[in-house]
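Below: input.json (JSON, C-alpha atoms and all ligand atoms)
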[["chain", "number", "residue", "atom", "x", "y", "z"],
["A", 1269, "MET", "CA", -10.05, 154.79, 60.27],
["A", 1270, "LEU", "CA", -7.85, 157.36, 58.55],
["A", 1271, "GLU", "CA", -9.60, 159.14, 55.69],
["A", 1272, "LYS", "CA", -7.36, 161.28, 53.56],
["A", 1273, "ASP", "CA", -6.66, 162.49, 50.07],
["A", 1274, "ALA", "CA", -4.77, 159.56, 48.64],
["A", 1275, "THR", "CA", -1.96, 161.75, 47.34],
["A", 1276, "ALA", "CA", -1.77, 164.03, 50.36],
["A", 1277, "HIS", "CA", 1.38, 162.44, 51.73],
["A", 1278, "LEU", "CA", 3.21, 163.41, 48.54],
["A", 1279, "ASN", "CA", 2.23, 167.02, 49.05],
["A", 1280, "GLY", "CA", 3.64, 167.04, 52.54],
["A", 1281, "LYS", "CA", 0.21, 167.31, 54.18],
["A", 1282, "PHE", "CA", 0.23, 163.80, 55.56],
["A", 1283, "MET", "CA", 3.28, 161.63, 56.03],
["A", 1284, "ALA", "CA", 2.88, 158.02, 54.95],
["A", 1285, "ARG", "CA", 4.76, 155.72, 57.28],
["A", 1286, "SER", "CA", 7.57, 154.69, 54.98],
["A", 1287, "GLU", "CA", 8.75, 152.02, 57.42],
["A", 1288, "ILE", "CA", 5.41, 150.19, 57.21],
["A", 1289, "ILE", "CA", 4.92, 147.84, 54.24],
["A", 1290, "ALA", "CA", 1.44, 146.33, 53.97],
["A", 1291, "HIS", "CA", 1.82, 142.59, 53.33],
["A", 1292, "ARG", "CA", -0.47, 141.60, 50.43],
["A", 1293, "GLY", "CA", -2.19, 144.92, 51.23],
["A", 1294, "ALA", "CA", -4.00, 145.34, 54.55],
["A", 1295, "SER", "CA", -4.44, 141.57, 54.51],
["A", 1296, "SER", "CA", -5.69, 141.17, 58.07],
["A", 1297, "SER", "CA", -8.71, 143.33, 57.23],
["A", 1298, "ALA", "CA", -9.39, 142.70, 53.52],
["A", 1299, "PRO", "CA", -8.78, 139.87, 51.04],
["A", 1300, "GLU", "CA", -5.06, 139.64, 50.26],
["A", 1301, "ASN", "CA", -3.71, 140.82, 46.91],
["A", 1302, "THR", "CA", -6.91, 142.65, 45.90],
["A", 1303, "MET", "CA", -7.62, 146.30, 45.23],
["A", 1304, "PRO", "CA", -9.70, 146.74, 48.42],
["A", 1305, "SER", "CA", -6.74, 145.39, 50.40],
["A", 1306, "PHE", "CA", -4.27, 147.74, 48.68],
["A", 1307, "ASP", "CA", -6.65, 150.67, 49.02],
["A", 1308, "LEU", "CA", -7.22, 150.02, 52.73],
["A", 1309, "ALA", "CA", -3.45, 149.86, 53.28],
["A", 1310, "VAL", "CA", -3.12, 153.40, 51.88],
["A", 1311, "ARG", "CA", -6.01, 154.60, 54.05],
["A", 1312, "GLN", "CA", -4.22, 153.03, 57.02],
["A", 1313, "ASN", "CA", -1.24, 155.16, 55.96],
["A", 1314, "ALA", "CA", 1.16, 152.40, 54.91],
["A", 1315, "GLY", "CA", 4.07, 153.76, 52.90],
["A", 1316, "CYS", "CA", 4.21, 150.75, 50.60],
["A", 1317, "VAL", "CA", 2.05, 147.80, 49.51],
["A", 1318, "GLU", "CA", 3.64, 144.39, 49.08],
["A", 1319, "HIS", "CA", 2.03, 141.95, 46.63],
["A", 1320, "ASP", "CA", 2.80, 138.77, 44.72],
["A", 1321, "LEU", "CA", 2.79, 137.99, 41.00],
["A", 1322, "HIS", "CA", 1.90, 134.92, 38.93],
["A", 1323, "VAL", "CA", 1.28, 134.54, 35.19],
["A", 1324, "THR", "CA", -1.92, 133.49, 33.41],
["A", 1325, "GLN", "CA", -2.05, 130.99, 30.54],
["A", 1326, "ASP", "CA", -2.14, 133.93, 28.11],
["A", 1327, "GLY", "CA", 0.89, 135.62, 29.64],
["A", 1328, "VAL", "CA", -0.68, 138.28, 31.87],
["A", 1329, "LEU", "CA", 0.80, 139.14, 35.27],
["A", 1330, "VAL", "CA", -1.80, 138.87, 38.04],
["A", 1331, "CYS", "CA", -1.65, 139.68, 41.75],
["A", 1332, "LEU", "CA", -1.91, 136.37, 43.61],
["A", 1333, "HIS", "CA", 0.16, 134.70, 46.29],
["A", 1334, "ASP", "CA", -0.47, 131.01, 45.56],
["A", 1335, "ARG", "CA", 0.35, 129.34, 42.26],
["A", 1336, "THR", "CA", -3.14, 127.83, 42.45],
["A", 1337, "LEU", "CA", -6.52, 129.52, 42.67],
["A", 1338, "GLU", "CA", -8.59, 127.43, 45.07],
["A", 1339, "ARG", "CA", -7.59, 129.02, 48.41],
["A", 1340, "THR", "CA", -8.48, 132.61, 47.53],
["A", 1341, "THR", "CA", -11.15, 132.30, 44.81],
["A", 1342, "ASN", "CA", -14.29, 130.27, 43.99],
["A", 1343, "VAL", "CA", -12.55, 128.50, 41.09],
["A", 1344, "ARG", "CA", -13.86, 125.08, 42.27],
["A", 1345, "GLU", "CA", -17.46, 126.19, 41.69],
["A", 1346, "VAL", "CA", -16.88, 128.16, 38.48],
["A", 1347, "PHE", "CA", -14.54, 125.66, 36.76],
["A", 1348, "PRO", "CA", -15.14, 122.35, 38.56],
["A", 1349, "ARG", "CA", -13.59, 120.21, 35.82],
["A", 1350, "ARG", "CA", -10.43, 122.26, 35.29],
["A", 1351, "GLY", "CA", -8.50, 121.06, 38.36],
["A", 1352, "GLN", "CA", -5.50, 118.77, 38.12],
["A", 1353, "ASP", "CA", -4.67, 115.94, 40.47],
["A", 1354, "VAL", "CA", -1.18, 116.34, 41.82],
["A", 1355, "ARG", "CA", 0.90, 114.36, 44.30],
["A", 1356, "GLU", "CA", 1.40, 116.30, 47.54],
["A", 1357, "GLY", "CA", 2.58, 115.17, 50.99],
["A", 1358, "GLY", "CA", 2.09, 111.49, 50.20],
["A", 1359, "GLY", "CA", -1.44, 111.94, 48.81],
["A", 1360, "ILE", "CA", -3.28, 113.18, 45.72],
["A", 1361, "VAL", "CA", -4.75, 116.71, 45.83],
["A", 1362, "ARG", "CA", -6.78, 118.56, 43.17],
["A", 1363, "ARG", "CA", -5.29, 121.94, 42.24],
["A", 1364, "TRP", "CA", -6.38, 124.72, 39.87],
["A", 1365, "PHE", "CA", -3.13, 126.27, 38.58],
["A", 1366, "VAL", "CA", -3.05, 129.95, 37.61],
["A", 1367, "HIS", "CA", -1.08, 129.02, 34.47],
["A", 1368, "ASP", "CA", -3.96, 126.83, 33.21],
["A", 1369, "PHE", "CA", -6.42, 129.78, 33.08],
["A", 1370, "THR", "CA", -6.64, 132.80, 30.81],
["A", 1371, "LEU", "CA", -7.03, 136.28, 32.25],
["A", 1372, "ALA", "CA", -10.65, 136.38, 31.01],
["A", 1373, "GLU", "CA", -11.36, 133.19, 32.97],
["A", 1374, "ILE", "CA", -9.60, 134.40, 36.12],
["A", 1375, "GLN", "CA", -11.54, 137.64, 35.98],
["A", 1376, "GLN", "CA", -14.77, 135.65, 36.30],
["A", 1377, "LEU", "CA", -13.70, 134.49, 39.75],
["A", 1378, "ASP", "CA", -14.77, 135.90, 43.10],
["A", 1379, "ALA", "CA", -11.58, 136.66, 45.06],
["A", 1380, "GLY", "CA", -13.32, 138.22, 48.07],
["A", 1381, "SER", "CA", -16.01, 135.89, 49.49],
["A", 1382, "TRP", "CA", -13.50, 133.40, 50.93],
["A", 1383, "PHE", "CA", -12.31, 136.18, 53.25],
["A", 1384, "ARG", "CA", -15.64, 137.71, 54.24],
["A", 1385, "PRO", "CA", -19.08, 137.90, 52.50],
["A", 1386, "ALA", "CA", -18.84, 141.72, 52.46],
["A", 1387, "PHE", "CA", -16.08, 141.37, 49.84],
["A", 1388, "ALA", "CA", -18.13, 139.21, 47.44],
["A", 1389, "GLY", "CA", -17.40, 140.02, 43.81],
["A", 1390, "VAL", "CA", -13.89, 141.40, 44.31],
["A", 1391, "ARG", "CA", -11.71, 140.40, 41.32],
["A", 1392, "VAL", "CA", -8.11, 139.31, 40.91],
["A", 1393, "PRO", "CA", -6.22, 142.44, 39.83],
["A", 1394, "THR", "CA", -3.58, 142.49, 37.11],
["A", 1395, "PHE", "CA", -0.15, 144.03, 37.70],
["A", 1396, "ASP", "CA", -1.22, 146.76, 35.24],
["A", 1397, "ASP", "CA", -4.26, 147.52, 37.43],
["A", 1398, "LEU", "CA", -2.03, 147.85, 40.47],
["A", 1399, "LEU", "CA", 0.63, 150.00, 38.78],
["A", 1400, "ALA", "CA", -1.98, 152.37, 37.34],
["A", 1401, "TRP", "CA", -3.65, 152.72, 40.74],
["A", 1402, "ALA", "CA", -0.40, 153.09, 42.71],
["A", 1403, "ARG", "CA", 1.02, 155.96, 40.65],
["A", 1404, "ASN", "CA", 1.30, 159.11, 42.78],
["A", 1405, "ARG", "CA", -0.29, 157.19, 45.62],
["A", 1406, "VAL", "CA", 1.98, 154.63, 47.27],
["A", 1407, "ALA", "CA", 5.19, 152.66, 46.80],
["A", 1408, "VAL", "CA", 4.92, 149.07, 45.59],
["A", 1409, "LEU", "CA", 6.96, 146.01, 46.62],
["A", 1410, "THR", "CA", 6.48, 143.34, 43.97],
["A", 1411, "GLU", "CA", 7.37, 139.71, 44.71],
["A", 1412, "LEU", "CA", 8.03, 137.48, 41.70],
["A", 1413, "LYS", "CA", 6.61, 134.08, 42.63],
["A", 1414, "ASP", "CA", 8.05, 130.85, 41.21],
["A", 1415, "PRO", "CA", 10.20, 132.47, 38.48],
["A", 1416, "ASP", "CA", 12.09, 129.19, 38.00],
["A", 1417, "LEU", "CA", 8.85, 127.22, 37.56],
["A", 1418, "TYR", "CA", 7.61, 129.70, 34.93],
["A", 1419, "LEU", "CA", 10.97, 129.66, 33.11],
["A", 1420, "ARG", "CA", 10.66, 125.88, 32.80],
["A", 1421, "ARG", "CA", 7.30, 126.50, 31.11],
["A", 1422, "GLY", "CA", 8.95, 128.97, 28.71],
["A", 1423, "VAL", "CA", 7.59, 132.08, 30.46],
["A", 1424, "ASP", "CA", 9.98, 134.73, 31.76],
["A", 1425, "LEU", "CA", 8.29, 136.54, 34.62],
["A", 1426, "LEU", "CA", 11.07, 139.11, 34.75],
["A", 1427, "THR", "CA", 10.70, 140.07, 31.09],
["A", 1428, "LEU", "CA", 6.92, 140.43, 31.55],
["A", 1429, "CYS", "CA", 7.57, 142.54, 34.61],
["A", 1430, "GLU", "CA", 10.02, 144.79, 32.78],
["A", 1431, "ALA", "CA", 7.48, 145.33, 29.98],
["A", 1432, "ALA", "CA", 4.81, 146.31, 32.51],
["A", 1433, "LEU", "CA", 7.15, 148.72, 34.28],
["A", 1434, "ARG", "CA", 8.05, 150.25, 30.92],
["A", 1435, "ARG", "CA", 4.35, 150.64, 29.97],
["A", 1436, "HIS", "CA", 3.77, 152.54, 33.19],
["A", 1437, "GLY", "CA", 6.82, 154.77, 32.85],
["A", 1438, "ARG", "CA", 8.53, 153.17, 35.85],
["A", 1439, "LEU", "CA", 11.89, 152.68, 34.13],
["A", 1440, "ALA", "CA", 12.45, 156.37, 33.57],
["A", 1441, "ALA", "CA", 13.67, 158.59, 36.38],
["A", 1442, "ARG", "CA", 10.46, 160.01, 37.81],
["A", 1443, "PRO", "CA", 11.30, 161.30, 41.27],
["A", 1444, "THR", "CA", 7.72, 162.35, 42.01],
["A", 1445, "ASP", "CA", 6.46, 158.77, 41.79],
["A", 1446, "PRO", "CA", 6.75, 156.49, 44.80],
["A", 1447, "ALA", "CA", 9.09, 153.62, 43.91],
["A", 1448, "VAL", "CA", 8.46, 150.11, 42.66],
["A", 1449, "THR", "CA", 10.85, 147.56, 44.18],
["A", 1450, "LEU", "CA", 11.17, 143.94, 43.02],
["A", 1451, "GLN", "CA", 11.90, 141.02, 45.32],
["A", 1452, "SER", "CA", 12.28, 137.26, 45.10],
["A", 1453, "PHE", "CA", 13.52, 134.27, 47.05],
["A", 1454, "HIS", "CA", 15.09, 133.00, 43.81],
["A", 1455, "GLU", "CA", 18.66, 134.35, 43.85],
["A", 1456, "PRO", "CA", 19.34, 133.85, 40.11],
["A", 1457, "THR", "CA", 16.26, 135.97, 39.36],
["A", 1458, "VAL", "CA", 17.36, 138.71, 41.76],
["A", 1459, "ARG", "CA", 20.83, 138.70, 40.16],
["A", 1460, "ARG", "CA", 19.29, 138.90, 36.68],
["A", 1461, "ALA", "CA", 16.95, 141.71, 37.78],
["A", 1462, "GLY", "CA", 19.95, 143.58, 39.17],
["A", 1463, "GLU", "CA", 21.66, 143.41, 35.76],
["A", 1464, "LEU", "CA", 18.50, 144.10, 33.77],
["A", 1465, "PHE", "CA", 17.45, 147.18, 35.70],
["A", 1466, "ALA", "CA", 20.94, 148.48, 36.53],
["A", 1467, "ARG", "CA", 19.66, 150.09, 39.76],
["A", 1468, "ARG", "CA", 16.79, 151.95, 38.02],
["A", 1469, "VAL", "CA", 14.53, 149.56, 39.95],
["A", 1470, "PRO", "CA", 15.66, 148.44, 43.43],
["A", 1471, "VAL", "CA", 15.81, 144.65, 43.89],
["A", 1472, "VAL", "CA", 15.67, 142.72, 47.16],
["A", 1473, "LEU", "CA", 16.83, 139.18, 47.93],
["A", 1474, "LEU", "CA", 14.31, 137.46, 50.19],
["A", 1475, "VAL", "CA", 15.82, 134.96, 52.63],
["A", 1476, "GLU", "CA", 13.89, 132.09, 54.20],
["A", 1477, "PRO", "CA", 14.80, 131.06, 57.76],
["A", 1478, "ALA", "CA", 16.08, 127.76, 56.30],
["A", 1479, "ASP", "CA", 18.57, 129.76, 54.19],
["A", 1480, "ALA", "CA", 19.84, 131.96, 57.04],
["A", 1481, "ALA", "CA", 23.39, 130.76, 56.29],
["A", 1482, "LEU", "CA", 23.34, 133.12, 53.30],
["A", 1483, "LEU", "CA", 23.73, 135.90, 55.90],
["A", 1484, "ARG", "CA", 26.21, 134.07, 58.18],
["A", 1485, "ASP", "CA", 28.94, 136.70, 58.23],
["A", 1486, "ARG", "CA", 29.86, 140.21, 57.10],
["A", 1487, "GLU", "CA", 31.45, 138.95, 53.87],
["A", 1488, "HIS", "CA", 28.40, 136.96, 52.77],
["A", 1489, "VAL", "CA", 26.10, 139.89, 53.49],
["A", 1490, "ALA", "CA", 28.41, 142.34, 51.68],
["A", 1491, "ALA", "CA", 28.47, 140.07, 48.62],
["A", 1492, "ILE", "CA", 24.69, 140.51, 48.22],
["A", 1493, "ALA", "CA", 25.25, 144.24, 47.71],
["A", 1494, "GLY", "CA", 26.94, 143.32, 44.42],
["A", 1495, "PHE", "CA", 23.58, 142.52, 42.84],
["A", 1496, "ALA", "CA", 20.79, 143.75, 45.17],
["A", 1497, "SER", "CA", 19.90, 146.88, 47.08],
["A", 1498, "GLY", "CA", 18.27, 145.14, 50.02],
["A", 1499, "ILE", "CA", 17.59, 141.93, 51.90],
["A", 1500, "GLY", "CA", 14.21, 140.65, 53.08],
["A", 1501, "PRO", "CA", 14.93, 138.10, 55.79],
["A", 1502, "GLY", "CA", 12.38, 136.13, 57.76],
["A", 1503, "LYS", "CA", 12.12, 138.29, 60.90],
["A", 1504, "LEU", "CA", 13.62, 135.73, 63.30],
["A", 1505, "ILE", "CA", 16.86, 135.67, 61.32],
["A", 1506, "VAL", "CA", 17.60, 139.29, 62.28],
["A", 1507, "GLY", "CA", 15.74, 139.02, 65.61],
["A", 1508, "ASP", "CA", 18.18, 136.28, 66.66],
["A", 1509, "GLN", "CA", 21.24, 137.84, 64.99],
["A", 1510, "PRO", "CA", 20.76, 141.63, 64.98],
["A", 1511, "GLN", "CA", 24.39, 142.12, 63.89],
["A", 1512, "ILE", "CA", 23.24, 141.18, 60.38],
["A", 1513, "VAL", "CA", 21.46, 144.55, 60.19],
["A", 1514, "GLY", "CA", 24.74, 146.40, 60.90],
["A", 1515, "TRP", "CA", 26.60, 144.34, 58.27],
["A", 1516, "ALA", "CA", 23.84, 145.04, 55.74],
["A", 1517, "HIS", "CA", 23.89, 148.77, 56.42],
["A", 1518, "GLU", "CA", 27.68, 148.85, 56.13],
["A", 1519, "ALA", "CA", 27.28, 147.30, 52.69],
["A", 1520, "GLY", "CA", 24.54, 149.78, 51.72],
["A", 1521, "LEU", "CA", 21.71, 147.24, 51.87],
["A", 1522, "ARG", "CA", 18.27, 148.03, 53.25],
["A", 1523, "VAL", "CA", 16.72, 145.44, 55.59],
["A", 1524, "THR", "CA", 12.99, 144.66, 55.41],
["A", 1525, "PRO", "CA", 12.02, 141.61, 57.50],
["A", 1526, "TRP", "CA", 8.69, 139.74, 57.26],
["A", 1527, "THR", "CA", 5.99, 138.99, 58.37],
["A", 1528, "PHE", "CA", 4.59, 140.82, 61.41],
["A", 1529, "ARG", "CA", 1.16, 139.47, 62.35],
["A", 1530, "THR", "CA", -0.87, 138.66, 65.48],
["A", 1531, "ALA", "CA", -0.42, 134.89, 65.10],
["A", 1532, "THR", "CA", 3.39, 135.09, 65.37],
["A", 1533, "ILE", "CA", 4.19, 137.80, 67.95],
["A", 1534, "GLY", "CA", 6.15, 135.36, 70.13],
["A", 1535, "ARG", "CA", 7.29, 137.00, 73.39],
["A", 1536, "PHE", "CA", 5.76, 140.40, 72.51],
["A", 1537, "ASP", "CA", 2.41, 141.69, 73.82],
["A", 1538, "SER", "CA", 1.23, 142.95, 70.44],
["A", 1539, "VAL", "CA", 2.20, 143.37, 66.80],
["A", 1540, "ALA", "CA", 2.90, 147.05, 67.55],
["A", 1541, "ALA", "CA", 5.34, 146.12, 70.34],
["A", 1542, "GLU", "CA", 7.10, 143.65, 68.06],
["A", 1543, "ILE", "CA", 7.34, 146.20, 65.23],
["A", 1544, "GLN", "CA", 8.66, 148.78, 67.70],
["A", 1545, "HIS", "CA", 11.38, 146.35, 68.82],
["A", 1546, "TYR", "CA", 12.52, 145.59, 65.28],
["A", 1547, "LEU", "CA", 12.49, 149.21, 64.10],
["A", 1548, "VAL", "CA", 14.04, 150.76, 67.18],
["A", 1549, "GLU", "CA", 16.20, 148.06, 68.82],
["A", 1550, "VAL", "CA", 17.14, 145.80, 65.93],
["A", 1551, "GLY", "CA", 17.38, 148.81, 63.59],
["A", 1552, "VAL", "CA", 15.72, 147.43, 60.45],
["A", 1553, "ASP", "CA", 14.64, 149.95, 57.80],
["A", 1554, "SER", "CA", 11.03, 148.82, 57.42],
["A", 1555, "VAL", "CA", 8.76, 145.91, 58.31],
["A", 1556, "ILE", "CA", 6.31, 143.87, 56.26],
["A", 1557, "THR", "CA", 3.07, 143.41, 58.17],
["A", 1558, "ASP", "CA", -0.50, 142.16, 57.73],
["A", 1559, "HIS", "CA", -1.52, 144.99, 60.11],
["A", 1560, "PRO", "CA", -0.40, 148.34, 58.66],
["A", 1561, "ASP", "CA", -2.70, 150.05, 61.18],
["A", 1562, "ALA", "CA", -0.82, 148.52, 64.14],
["A", 1563, "TRP", "CA", 1.96, 151.09, 64.20],
["A", 1564, "PRO", "CA", 0.97, 154.53, 65.59],
["A", 1565, "ASP", "CA", 1.06, 157.68, 63.47],
["A", 1566, "GLU", "CA", 3.48, 159.43, 65.76],
["A", 1567, "PRO", "CA", 7.13, 159.35, 64.66],
["A", 1568, "ARG", "CA", 9.08, 156.58, 66.35],
["A", 1569, "PRO", "CA", 11.57, 157.51, 69.05],
["A", 1570, "ALA", "CA", 15.04, 158.43, 67.75],
["B", 1, "LIG", "O1", 7.62, 140.07, 51.53],
["B", 1, "LIG", "C1", 8.04, 138.81, 51.90],
["B", 1, "LIG", "C2", 6.91, 137.90, 52.13],
["B", 1, "LIG", "O2", 5.81, 138.35, 51.41],
["B", 1, "LIG", "C3", 7.28, 136.54, 51.75],
["B", 1, "LIG", "O3", 6.32, 135.63, 52.12],
["B", 1, "LIG", "O4", 4.84, 133.86, 51.40],
["B", 1, "LIG", "O5", 3.89, 136.01, 52.12],
["B", 1, "LIG", "O6", 5.02, 135.84, 49.94],
["B", 1, "LIG", "P1", 4.95, 135.35, 51.35],
["B", 2, "CA", "CA", 4.99, 138.08, 49.22]]

Using structure tokens, write down the structure from this file.
Amino acid sequence: MLEKDATAHLNGKFMARSEIIAHRGASSSAPENTMPSFDLAVRQNAGCVEHDLHVTQDGVLVCLHDRTLERTTNVREVFPRRGQDVREGGGIVRRWFVHDFTLAEIQQLDAGSWFRPAFAGVRVPTFDDLLAWARNRVAVLTELKDPDLYLRRGVDLLTLCEAALRRHGRLAARPTDPAVTLQSFHEPTVRRAGELFARRVPVVLLVEPADAALLRDREHVAAIAGFASGIGPGKLIVGDQPQIVGWAHEAGLRVTPWTFRTATIGRFDSVAAEIQHYLVEVGVDSVITDHPDAWPDEPRPA
């Protein structure tokens, strides 16, 4: 395991691998979207940590992937009567929604044991926790989850996000700080973020495989450059149609496909071989992976 001064890469002593983005942190080795996972990603030399955001009942941004708490915390045991029965896939399922819990309640939850007993007691971090920790340490790729759902509840995730970035001095030009980038699958939110931040904060449009038609030709890809600085396609979109990467680069868009993990390597022998193919042959700018330690420290071939 790589042990290093966390800021060393900024001083030129140790180069973080800017093309490696740790998906929900080092999520194959530590519980996703937690501080141990983010911290391990930096120790594995990732250049950036990706994470997800939801909003608590009292309006606090928290790092969580799901809109409900039961997969990655012990909410069932701590708040057994606070679940809601919802219709899903033809049946009724009990769910504990993030938006039904205050931050104080969520901070009582264990967000580590589900992954491995060694992580018992790990808490759900707030966006403020992450931004304070990341400063001078690593770049951050922030995914706004369900912005449309929150808007319908009268909560504007983007406004909360802007306030947090302002609190942490991330809206001023601070070239010594690694960047914060925002991303979302929700195009109206990406467009609004583009206007709101006027390029002070890069914004990326995520594209699901089912929406690959958004990238169907040079013109459609170029149009995205009108409101975003990058695209985040499901990896098979650009794996199957590598010309999209050229169109994106022509338009000035960065390309950061997802998600590289052992369970989905397809025809490749390893995650490292798949990452190598995408970075070197397909020509993407960076990759989002559960395994930031999979890519070797040596510079990739030119
Ligand atoms: O960064 C893109 C990727 O994180 C999107 O998928 O479901 O892991 O948030 P998901
Ligand atoms: Ca994500």

Could you list, as a VMD selection string, every residue within 7 Å of region 1537-1548 of chain A, counting all atoms listed in the file and ignoring same-chain residues fewer than 6 positions away?
chain A and resid 1528 to 1530 1554 1562 to 1563

Could you give me, as a PDB file with C-alpha atoms, keeping the file's coordinate frame, every polymer residue with an atom at most 12 Å away from an atom of ligand CA 2 (chain B), counting all atoms listed in the file?
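Now in out_33.pdb:
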ATOM      1  CA  ILE A1289       4.920 147.840  54.240  1.00  0.00           C
ATOM      2  CA  ALA A1290       1.440 146.330  53.970  1.00  0.00           C
ATOM      3  CA  HIS A1291       1.820 142.590  53.330  1.00  0.00           C
ATOM      4  CA  ARG A1292      -0.470 141.600  50.430  1.00  0.00           C
ATOM      5  CA  GLY A1293      -2.190 144.920  51.230  1.00  0.00           C
ATOM      6  CA  SER A1295      -4.440 141.570  54.510  1.00  0.00           C
ATOM      7  CA  GLU A1300      -5.060 139.640  50.260  1.00  0.00           C
ATOM      8  CA  ASN A1301      -3.710 140.820  46.910  1.00  0.00           C
ATOM      9  CA  VAL A1317       2.050 147.800  49.510  1.00  0.00           C
ATOM     10  CA  GLU A1318       3.640 144.390  49.080  1.00  0.00           C
ATOM     11  CA  HIS A1319       2.030 141.950  46.630  1.00  0.00           C
ATOM     12  CA  ASP A1320       2.800 138.770  44.720  1.00  0.00           C
ATOM     13  CA  LEU A1321       2.790 137.990  41.000  1.00  0.00           C
ATOM     14  CA  HIS A1322       1.900 134.920  38.930  1.00  0.00           C
ATOM     15  CA  CYS A1331      -1.650 139.680  41.750  1.00  0.00           C
ATOM     16  CA  LEU A1332      -1.910 136.370  43.610  1.00  0.00           C
ATOM     17  CA  HIS A1333       0.160 134.700  46.290  1.00  0.00           C
ATOM     18  CA  ASP A1334      -0.470 131.010  45.560  1.00  0.00           C
ATOM     19  CA  VAL A1408       4.920 149.070  45.590  1.00  0.00           C
ATOM     20  CA  LEU A1409       6.960 146.010  46.620  1.00  0.00           C
ATOM     21  CA  THR A1410       6.480 143.340  43.970  1.00  0.00           C
ATOM     22  CA  GLU A1411       7.370 139.710  44.710  1.00  0.00           C
ATOM     23  CA  LEU A1412       8.030 137.480  41.700  1.00  0.00           C
ATOM     24  CA  LYS A1413       6.610 134.080  42.630  1.00  0.00           C
ATOM     25  CA  ASP A1414       8.050 130.850  41.210  1.00  0.00           C
ATOM     26  CA  LEU A1450      11.170 143.940  43.020  1.00  0.00           C
ATOM     27  CA  GLN A1451      11.900 141.020  45.320  1.00  0.00           C
ATOM     28  CA  SER A1452      12.280 137.260  45.100  1.00  0.00           C
ATOM     29  CA  PHE A1453      13.520 134.270  47.050  1.00  0.00           C
ATOM     30  CA  VAL A1472      15.670 142.720  47.160  1.00  0.00           C
ATOM     31  CA  LEU A1473      16.830 139.180  47.930  1.00  0.00           C
ATOM     32  CA  LEU A1474      14.310 137.460  50.190  1.00  0.00           C
ATOM     33  CA  VAL A1475      15.820 134.960  52.630  1.00  0.00           C
ATOM     34  CA  GLU A1476      13.890 132.090  54.200  1.00  0.00           C
ATOM     35  CA  GLY A1500      14.210 140.650  53.080  1.00  0.00           C
ATOM     36  CA  PRO A1501      14.930 138.100  55.790  1.00  0.00           C
ATOM     37  CA  GLY A1502      12.380 136.130  57.760  1.00  0.00           C
ATOM     38  CA  PRO A1525      12.020 141.610  57.500  1.00  0.00           C
ATOM     39  CA  TRP A1526       8.690 139.740  57.260  1.00  0.00           C
ATOM     40  CA  THR A1527       5.990 138.990  58.370  1.00  0.00           C
ATOM     41  CA  ILE A1556       6.310 143.870  56.260  1.00  0.00           C
ATOM     42  CA  THR A1557       3.070 143.410  58.170  1.00  0.00           C
ATOM     43  CA  ASP A1558      -0.500 142.160  57.730  1.00  0.00           C
TER      44      ASP A1558
END

Within 6 Å of Thr1336 (chain A), counting all atoms listed in the file, which residues qualify if same-chain residues fewer than 4 places away don't, as a PyMOL selection string?
chain A and resi 1364-1366

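Of the residues listed (A:Gly1351, A:Pro1456, A:Gly1327, A:Pro1415), A:Gly1327 shows the shortest atom-to-atom separation from Phe1395 (chain A); distances use only C-alpha atoms.
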
Could you give me, as a VMD selection string, the residues within 10 Å of region 1478-1485 of chain A, counting all atoms listed in the file and dropping anything in the same chain fewer than 3 positions from it?
chain A and resid 1453 1474 to 1475 1488 to 1492 1499 1501 to 1502 1504 to 1506 1509 1511 to 1513 1515 to 1516

Nearest residue to His1436 (chain A) out of A:Phe1387, A:Tyr1418, A:Trp1401, A:Phe1465, using only C-alpha atoms?
A:Trp1401

Using only C-alpha atoms, list the residues that have an atom at most 7 Å from (-4.5, 131.5, 33.0), coordinates as in the file, as a PyMOL selection string.
chain A and resi 1323-1326+1366-1371+1374

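Take the candidates A:Val1448, A:Glu1518, A:Ser1297, A:Thr1524 and check each one against Val1555 (chain A) using all atoms listed in the file; the shortest distance goes to A:Thr1524.
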
Two-atom distance - CA of Pro1477 (chain A), CA of Ser1286 (chain A) (Å)
24.9 Å

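Atom pair CA of Leu1521 (chain A) / CA of Ala1447 (chain A) has a distance of 16.2 Å (rounded to one decimal).
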
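Of note, CA of Gly1380 (chain A) and CA of Thr1340 (chain A) are spaced 7.4 Å apart.
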
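Distance check against Val1310 (chain A) using all atoms listed in the file: of A:Arg1434, A:His1559, A:Arg1460, A:His1454, the minimum falls on A:His1559.
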
May I ask which of the residues A:Val1346, A:Val1423, A:Val1523, A:Ala1440 is the closest one to ligand LIG 1 (chain B), counting all atoms listed in the file?
A:Val1523

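Of the listed residues A:Gln1312, A:Thr1449, A:Thr1394, A:Gln1375, the one whose atoms come nearest to ligand LIG 1 (chain B) is A:Thr1449, with distances taken using only C-alpha atoms and all ligand atoms.
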